[in-house]
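Next comes input_12.json, a file with JSON, C-alpha atoms.
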[["chain", "number", "residue", "atom", "x", "y", "z"],
["A", 240, "PRO", "CA", -28.93, 0.46, -16.07],
["A", 241, "ALA", "CA", -27.17, -1.22, -13.13],
["A", 242, "ALA", "CA", -25.56, 2.00, -11.88],
["A", 243, "PRO", "CA", -27.77, 4.74, -10.44],
["A", 244, "VAL", "CA", -27.75, 8.13, -12.10],
["A", 245, "SER", "CA", -25.78, 10.55, -9.98],
["A", 246, "TYR", "CA", -26.15, 14.32, -9.68],
["A", 247, "PRO", "CA", -24.51, 17.01, -7.55],
["A", 248, "GLY", "CA", -25.18, 16.14, -3.92],
["A", 249, "TRP", "CA", -26.16, 12.54, -4.68],
["A", 250, "HIS", "CA", -23.34, 10.98, -2.65],
["A", 251, "GLU", "CA", -24.08, 13.24, 0.30],
["A", 252, "ARG", "CA", -27.79, 12.41, 0.19],
["A", 253, "GLU", "CA", -27.05, 8.68, 0.06],
["A", 254, "ARG", "CA", -24.64, 8.95, 3.00],
["A", 255, "ALA", "CA", -27.12, 11.01, 5.04],
["A", 256, "ALA", "CA", -29.87, 8.45, 4.41],
["A", 257, "ARG", "CA", -27.58, 5.58, 5.43],
["A", 258, "LEU", "CA", -26.53, 7.39, 8.64],
["A", 259, "ARG", "CA", -30.17, 8.18, 9.51],
["A", 260, "GLU", "CA", -31.05, 4.52, 9.15],
["A", 261, "HIS", "CA", -28.01, 2.98, 10.85],
["A", 262, "GLY", "CA", -26.73, 5.77, 13.11],
["A", 263, "VAL", "CA", -23.51, 7.75, 13.14],
["A", 264, "PRO", "CA", -20.42, 5.73, 14.01],
["A", 265, "VAL", "CA", -18.62, 7.15, 17.06],
["A", 266, "PRO", "CA", -15.27, 5.89, 18.34],
["A", 267, "ARG", "CA", -15.60, 4.01, 21.66],
["A", 268, "ALA", "CA", -13.41, 6.53, 23.56],
["A", 269, "LEU", "CA", -15.54, 9.47, 22.42],
["A", 270, "PHE", "CA", -18.74, 7.60, 23.25],
["A", 271, "GLU", "CA", -17.50, 6.89, 26.77],
["A", 272, "GLU", "CA", -16.42, 10.52, 27.25],
["A", 273, "LEU", "CA", -19.81, 11.81, 26.10],
["A", 274, "ARG", "CA", -21.57, 9.32, 28.31],
["A", 275, "SER", "CA", -19.55, 10.35, 31.35],
["A", 276, "VAL", "CA", -20.43, 14.01, 30.73],
["A", 277, "THR", "CA", -24.14, 13.22, 30.75],
["A", 278, "VAL", "CA", -24.09, 11.44, 34.14],
["A", 279, "GLY", "CA", -26.16, 13.50, 36.55],
["A", 280, "VAL", "CA", -27.75, 15.80, 33.98],
["A", 281, "GLY", "CA", -30.75, 13.62, 33.28],
["A", 282, "ALA", "CA", -29.63, 12.45, 29.86]]
Full structure transcribed into structure tokens:
Amino acid sequence: PAAPVSYPGWHERERAARLREHGVPVPRALFEELRSVTVGVGA
């Protein structure tokens, strides 16, 4: 009773829900690179 019933795709669905709620972790270096690319394009 304490453990949820799992099924094919359950782990993926749980992970997707967690990422939708809390965001996708991005390494600082990648974040800074993406941010620098968006400068001047209205993002």
| query | Hey, can you check how far atom CA of A:Ala255 sits from atom CA of A:Gly281? | reply | 28.6 Å
| said: Between atom CA of A:Ala242 and atom CA of A:Arg259, what is the distance in Å, rounded to a tenth? | reply: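 Spanning atom CA of A:Ala242 to atom CA of A:Arg259 is a straight-line distance of 22.7 Å.
Atom CA of A:Thr277 is positioned 22.7 Å from atom CA of A:His261.
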Kindly provide, as JSON, the centre and edge lengths (Å, one decimal) of an axis-aligned box around all atoms of stretch 242-260 of chain A given in the file, with 4 Å on each side.
{"center_x": -27.2, "center_y": 9.5, "center_z": -1.3, "size_x": 15.7, "size_y": 23.0, "size_z": 29.6}
